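model.cif (mmCIF, C-alpha atoms)
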```cif
data_data
loop_
_atom_site.label_atom_id
_atom_site.label_comp_id
_atom_site.auth_asym_id
_atom_site.auth_seq_id
_atom_site.Cartn_x
_atom_site.Cartn_y
_atom_site.Cartn_z
CA MET A 21 -109.93 139.39 150.41
CA ASN A 22 -106.46 140.73 151.15
CA ALA A 23 -104.46 138.18 153.11
CA LEU A 24 -101.37 140.35 153.58
CA SER A 25 -101.77 144.10 153.86
CA ILE A 26 -98.65 146.27 153.87
CA THR A 27 -99.41 149.88 154.74
CA ASN A 28 -96.97 152.81 154.71
CA VAL A 29 -94.02 150.54 155.57
CA SER A 30 -90.50 151.94 155.77
CA ALA A 31 -87.42 149.93 156.76
CA GLY A 32 -83.67 149.86 156.31
CA TYR A 33 -80.29 149.46 157.98
CA TYR A 34 -78.38 151.54 160.53
CA HIS A 35 -80.97 154.33 160.54
CA ARG A 36 -80.87 154.52 156.73
CA ALA A 37 -84.22 153.92 155.05
CA VAL A 38 -84.08 151.55 152.07
CA VAL A 39 -87.81 151.03 151.45
CA LEU A 40 -90.07 154.04 151.89
CA GLN A 41 -93.78 154.14 152.63
CA ILE A 42 -94.66 150.92 150.82
CA ASP A 43 -98.35 150.16 150.28
CA LEU A 44 -99.09 146.70 148.90
CA ASN A 45 -101.86 144.12 149.23
CA VAL A 46 -101.27 140.44 148.48
CA ASN A 47 -104.43 138.42 147.91
CA ARG A 48 -104.92 134.71 148.49
CA GLY A 49 -104.33 132.59 145.43
CA ARG A 50 -102.28 135.34 143.76
CA VAL A 51 -98.61 135.84 142.98
CA ILE A 52 -97.07 139.31 143.17
CA ALA A 53 -93.54 139.84 141.86
CA LEU A 54 -91.31 142.57 143.26
CA VAL A 55 -89.00 143.77 140.50
CA GLY A 56 -86.59 146.67 140.13
CA PRO A 57 -82.94 147.61 139.79
CA ASN A 58 -80.28 146.36 142.16
CA GLY A 59 -80.50 148.18 145.48
CA SER A 60 -84.13 149.19 144.99
CA GLY A 61 -85.23 147.47 148.20
CA LYS A 62 -86.76 144.18 147.08
CA SER A 63 -84.92 141.89 149.51
CA THR A 64 -85.08 144.53 152.24
CA LEU A 65 -88.87 144.49 152.11
CA ILE A 66 -88.92 140.68 152.42
CA ARG A 67 -86.60 140.88 155.45
CA ALA A 68 -88.77 143.54 157.07
CA LEU A 69 -91.93 141.47 156.64
CA THR A 70 -90.27 138.49 158.32
CA GLY A 71 -88.78 140.42 161.23
CA VAL A 72 -85.15 140.02 160.17
CA ILE A 73 -84.85 143.81 160.21
CA PRO A 74 -87.17 146.20 162.07
CA VAL A 75 -89.91 148.22 160.43
CA SER A 76 -89.38 151.90 161.27
CA GLU A 77 -92.92 152.91 160.40
CA GLY A 78 -96.12 151.48 159.00
CA GLN A 79 -98.23 148.37 159.53
CA VAL A 80 -98.21 144.79 158.30
CA GLN A 81 -101.45 142.90 158.81
CA LEU A 82 -102.53 139.38 157.96
CA ASP A 83 -106.29 138.96 158.01
CA GLY A 84 -106.45 141.87 160.44
CA ILE A 85 -103.70 140.49 162.73
CA ASN A 86 -100.77 142.82 163.43
CA VAL A 87 -97.88 140.69 162.15
CA LEU A 88 -95.23 142.98 163.62
CA SER A 89 -96.49 142.37 167.15
CA LEU A 90 -96.23 138.57 166.90
CA SER A 91 -93.41 136.49 168.32
CA PRO A 92 -91.09 134.78 165.79
CA LEU A 93 -92.81 131.44 166.41
CA GLN A 94 -96.29 132.92 165.99
CA ARG A 95 -95.20 134.65 162.79
CA ALA A 96 -93.66 131.44 161.46
CA ARG A 97 -97.06 129.73 161.70
CA LEU A 98 -98.49 132.31 159.32
CA ILE A 99 -95.63 133.35 157.02
CA ALA A 100 -93.03 131.07 155.45
CA VAL A 101 -89.88 132.30 153.74
CA VAL A 102 -87.69 130.82 151.04
CA PRO A 103 -84.53 132.95 151.30
CA GLN A 104 -82.12 133.71 148.47
CA HIS A 105 -79.12 132.27 150.29
CA ALA A 106 -80.04 129.49 152.71
CA LEU A 107 -77.46 127.55 154.66
CA MET A 108 -78.67 124.00 155.17
CA PRO A 109 -76.65 121.38 157.08
CA GLU A 110 -75.11 119.18 154.40
CA THR A 111 -75.20 116.08 156.61
CA PHE A 112 -78.95 116.36 157.23
CA THR A 113 -81.27 114.33 155.05
CA VAL A 114 -83.97 115.95 152.96
CA ALA A 115 -86.64 114.57 155.29
CA GLU A 116 -84.89 116.05 158.34
CA VAL A 117 -84.63 119.49 156.76
CA VAL A 118 -88.25 119.52 155.60
CA LEU A 119 -89.43 118.45 159.07
CA LEU A 120 -87.79 121.59 160.48
CA GLY A 121 -90.83 123.38 159.08
CA ARG A 122 -92.86 121.92 161.96
CA THR A 123 -90.67 123.63 164.58
CA PRO A 124 -93.12 126.52 165.19
CA TYR A 125 -95.76 124.01 166.29
CA LEU A 126 -93.65 121.88 168.65
CA PRO A 127 -93.01 122.43 172.35
CA ILE A 128 -89.35 122.76 173.33
CA TRP A 129 -87.50 119.45 173.06
CA ALA A 130 -90.58 117.70 171.67
CA ARG A 131 -90.17 115.35 168.69
CA GLU A 132 -92.31 115.34 165.59
CA GLY A 133 -95.41 113.17 165.68
CA THR A 134 -97.27 111.26 163.00
CA LEU A 135 -99.23 114.34 161.92
CA ASP A 136 -96.04 116.36 161.49
CA ARG A 137 -94.44 113.63 159.41
CA ASP A 138 -97.57 113.31 157.26
CA ILE A 139 -97.59 117.06 156.59
CA ALA A 140 -93.89 116.99 155.67
CA SER A 141 -94.42 113.96 153.42
CA ALA A 142 -97.25 115.71 151.58
CA ALA A 143 -95.08 118.81 151.07
CA MET A 144 -92.24 116.70 149.69
CA LYS A 145 -94.61 115.01 147.24
CA GLN A 146 -95.97 118.37 146.07
CA THR A 147 -92.48 119.70 145.41
CA GLY A 148 -91.17 116.53 143.80
CA VAL A 149 -88.53 115.71 146.43
CA HIS A 150 -90.25 112.78 148.13
CA GLY A 151 -87.95 110.37 146.32
CA LEU A 152 -84.97 112.24 147.78
CA ALA A 153 -86.13 111.95 151.40
CA ASP A 154 -83.13 109.87 152.52
CA ARG A 155 -80.52 111.76 150.50
CA PHE A 156 -78.12 114.13 152.23
CA ILE A 157 -78.48 117.83 151.45
CA GLY A 158 -74.85 118.03 150.39
CA GLU A 159 -75.52 115.54 147.59
CA LEU A 160 -78.24 117.59 145.92
CA SER A 161 -78.13 119.95 142.97
CA GLY A 162 -79.11 123.59 143.31
CA GLY A 163 -82.55 122.97 141.84
CA GLU A 164 -83.18 120.07 144.18
CA GLN A 165 -82.11 122.12 147.19
CA GLN A 166 -84.45 124.92 146.16
CA ARG A 167 -87.36 122.49 146.05
CA VAL A 168 -86.39 121.23 149.51
CA LEU A 169 -86.57 124.80 150.82
CA ILE A 170 -90.03 125.23 149.33
CA ALA A 171 -91.11 121.91 150.85
CA ARG A 172 -89.86 123.07 154.25
CA ALA A 173 -91.81 126.31 153.86
CA LEU A 174 -95.01 124.42 152.94
CA THR A 175 -94.54 122.18 155.99
CA GLN A 176 -95.09 125.30 158.09
CA GLU A 177 -98.65 125.38 156.66
CA PRO A 178 -98.41 129.13 156.09
CA GLU A 179 -100.99 131.62 154.90
CA VAL A 180 -98.31 133.66 153.12
CA LEU A 181 -95.28 132.48 151.14
CA LEU A 182 -92.37 134.89 150.62
CA LEU A 183 -89.60 133.97 148.18
CA ASP A 184 -86.43 135.97 147.61
CA GLU A 185 -85.06 135.31 144.11
CA PRO A 186 -86.30 131.68 144.01
CA THR A 187 -84.73 130.97 140.60
CA ALA A 188 -81.30 132.51 141.23
CA HIS A 189 -78.44 130.27 140.01
CA LEU A 190 -80.82 127.67 138.54
CA ASP A 191 -80.72 126.41 134.97
CA LEU A 192 -83.61 126.93 132.56
CA LYS A 193 -85.34 123.65 133.38
CA TYR A 194 -85.40 124.28 137.12
CA GLN A 195 -86.37 127.94 136.67
CA HIS A 196 -89.43 126.84 134.73
CA TYR A 197 -90.26 124.09 137.24
CA ILE A 198 -89.92 126.31 140.32
CA LEU A 199 -92.03 129.15 138.92
CA HIS A 200 -94.74 126.76 137.71
CA LEU A 201 -94.71 125.12 141.15
CA VAL A 202 -95.07 128.44 142.97
CA LYS A 203 -97.97 129.55 140.78
CA SER A 204 -99.69 126.17 141.20
CA LEU A 205 -99.27 126.23 144.98
CA ALA A 206 -100.75 129.71 145.18
CA ALA A 207 -103.88 128.51 143.41
CA GLU A 208 -104.21 125.08 145.04
CA LYS A 209 -103.47 126.13 148.62
CA GLN A 210 -104.83 129.66 148.30
CA LEU A 211 -101.54 131.09 149.46
CA ALA A 212 -100.71 134.76 149.20
CA VAL A 213 -97.35 134.72 147.40
CA LEU A 214 -94.85 137.57 147.22
CA LEU A 215 -91.54 136.98 145.46
CA THR A 216 -88.58 139.07 144.34
CA MET A 217 -87.23 138.64 140.82
CA HIS A 218 -84.52 140.09 138.60
CA ASP A 219 -85.68 138.37 135.42
CA LEU A 220 -88.50 140.53 134.07
CA ASN A 221 -89.52 137.98 131.43
CA GLN A 222 -89.99 135.32 134.09
CA ALA A 223 -91.99 137.76 136.18
CA ALA A 224 -94.22 138.52 133.21
CA VAL A 225 -95.06 134.82 132.88
CA CYS A 226 -95.51 133.76 136.49
CA ALA A 227 -96.89 136.84 138.30
CA ASP A 228 -100.50 137.93 138.45
CA ASP A 229 -99.34 141.42 139.39
CA VAL A 230 -96.01 143.21 139.45
CA ALA A 231 -94.70 145.91 141.80
CA LEU A 232 -91.87 147.95 140.28
CA LEU A 233 -89.55 149.30 142.99
CA VAL A 234 -87.18 152.16 142.29
CA ASP A 235 -85.13 153.85 145.01
CA GLY A 236 -87.19 152.16 147.71
CA LYS A 237 -90.58 153.24 146.41
CA ILE A 238 -93.23 151.51 144.31
CA LYS A 239 -93.28 153.37 141.00
CA ALA A 240 -95.84 151.15 139.28
CA LEU A 241 -98.21 148.38 140.37
CA GLY A 242 -100.52 146.21 138.31
CA SER A 243 -100.64 143.41 135.77
CA PRO A 244 -97.40 142.73 133.84
CA ASP A 245 -98.74 144.30 130.64
CA LYS A 246 -99.58 147.51 132.53
CA VAL A 247 -96.26 147.78 134.41
CA PHE A 248 -93.88 146.44 131.79
CA THR A 249 -93.92 149.28 129.30
CA SER A 250 -90.89 150.59 127.43
CA GLU A 251 -91.23 154.03 129.01
CA GLN A 252 -91.51 152.83 132.62
CA LEU A 253 -88.73 150.24 132.40
CA THR A 254 -86.37 152.57 130.54
CA GLU A 255 -86.79 155.17 133.28
CA ALA A 256 -86.52 152.62 136.11
CA TYR A 257 -83.41 150.82 134.86
CA GLY A 258 -81.66 153.75 133.22
CA THR A 259 -81.15 151.93 129.92
CA PRO A 260 -83.26 151.78 126.74
CA VAL A 261 -85.77 148.94 126.88
CA ASP A 262 -88.05 147.43 124.24
CA VAL A 263 -91.28 145.66 125.19
CA ILE A 264 -93.20 143.61 122.65
CA PRO A 265 -96.10 141.16 123.10
CA HIS A 266 -95.25 137.49 122.72
CA PRO A 267 -96.70 136.28 119.40
CA HIS A 268 -98.45 133.28 120.98
CA ASN A 269 -99.72 134.42 124.38
CA GLY A 270 -99.42 138.20 124.37
CA VAL A 271 -97.22 138.23 127.49
CA PRO A 272 -94.75 141.15 127.49
CA VAL A 273 -91.26 140.26 126.25
CA ILE A 274 -88.56 142.61 127.50
CA THR A 275 -85.22 143.27 125.81
CA THR A 276 -82.61 146.01 126.07
CA LYS A 277 -81.66 148.03 123.04
CA GLY A 278 -79.27 150.71 121.81
CA ARG A 279 -75.81 151.49 123.11
CA VAL A 280 -74.30 149.74 126.10
CA PRO A 281 -74.75 152.14 129.06
CA THR A 282 -71.77 153.54 130.91
CA ILE A 283 -71.44 152.39 134.52
#
```
Encoded form using structure tokens:
Amino acid sequence: MNALSITNVSAGYYHRAVVLQIDLNVNRGRVIALVGPNGSGKSTLIRALTGVIPVSEGQVQLDGINVLSLSPLQRARLIAVVPQHALMPETFTVAEVVLLGRTPYLPIWAREGTLDRDIASAAMKQTGVHGLADRFIGELSGGEQQRVLIARALTQEPEVLLLDEPTAHLDLKYQHYILHLVKSLAAEKQLAVLLTMHDLNQAAVCADDVALLVDGKIKALGSPDKVFTSEQLTEAYGTPVDVIPHPHNGVPVITTKGRVPTI
């Protein structure tokens, strides 16, 4: 069953469309990666789905509910976002930041109860930051902060998890950990996961399906081995691309080739 259904969605900035007539279904327990050149509309689509920018046309439904008609608090109970650039108060502890995920469920001025703290504690354990609960955000590494953001998102108890470049600026160890965590959470919690990625090789490993965006439109959609072909990627990125199967698992491995392109 489709959890998140995106139908004919267009959105952009200052009356300029950036994503055009997007059709995409995100199923529970599945991870879909949005890939494409810079400026193709990946982050714009995430912002449109979360109400940061308006949708100029089309529908976004979650289990038949019109997401675009919901209030920000109602939407936050269904969809959680891990943004690419998140400003977190450096003097807050990890536990305090993660507990902010319960805000959509609390009356104004109300404090978190035992249930809220239990949910936050479980999210911190799942993301491996429980041992950092009393540490200040400003003391953490980039990888640790990224796990805190995912823990905060899980504390919202969402149906859909949206991540914008979740591995940006992380070293190889944390890239591997974060992507494994996201894929595991999708399966264990039956979340519908949509994430943007620049690294095509990472997308090939972690995503069940890939949507290739070019100039605001989906040019190809399907499993990584169907989308990541030399012909499609060469055309999309405007540079010669080689795609070969990994010798051990058959996953597509993408490399550039030939002359360095002029810019």
>> As a check of understanding, name the residues that the PyMOL selection byres ((chain A and resi 274) around 6) selects in the supplied structure, as an MDAnalysis selection string.
In response: chainID A and resid 262:263 273 275
Print the selection's residues with C-alpha atoms to a file, as a PDB file, keeping the file's coordinate frame.
```
ATOM      1  CA  ASP A 262     -88.050 147.430 124.240  1.00  0.00           C
ATOM      2  CA  VAL A 263     -91.280 145.660 125.190  1.00  0.00           C
ATOM      3  CA  VAL A 273     -91.260 140.260 126.250  1.00  0.00           C
ATOM      4  CA  THR A 275     -85.220 143.270 125.810  1.00  0.00           C
TER       5      THR A 275
END
```
>> Expand the PyMOL selection byres ((chain A and resi 138-144) around 9) into the explicit residue set it covers here, and present it as an MDAnalysis selection string.
In response: chainID A and resid 114:115 118:119 121:122 133:137 145:153 167:168 170:177
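Proximity to A:Ala68 at 10 Å, evaluated using only C-alpha atoms and with sequence-adjacent residues fewer than 4 positions away removed, yields Val29, Ser30, Ala31, Gly32, Val39, Ser63, Thr64, Val72, Ile73, Pro74, Val75, Ser76, Val80 and Leu88 of chain A.
Candidate residues A:Ala106, A:Ile157, A:Ile128, A:Cys226 were compared for distance to A:Leu93, and the nearest is A:Ile128, using only C-alpha atoms.
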>> Suppose a student applies the PyMOL selection byres ((chain A and resi 229-239) around 7) to this structure; what residues should they get, written as a PyMOL selection string?
In response: chain A and resi 38-40+42+51-57+60-61+227-228+240-244+247+256
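Of the residues under consideration (A:Ser204, A:Thr249, A:Gln94, A:Gln166), A:Gln94 shows the shortest atom-to-atom contact distance to A:Thr70 when counting all atoms listed in the file.
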> What does the distance between atom CA of A:Met108 and atom CA of A:Asp154 come to in Å, to one decimal place?
Replying inline: 15.1 Å
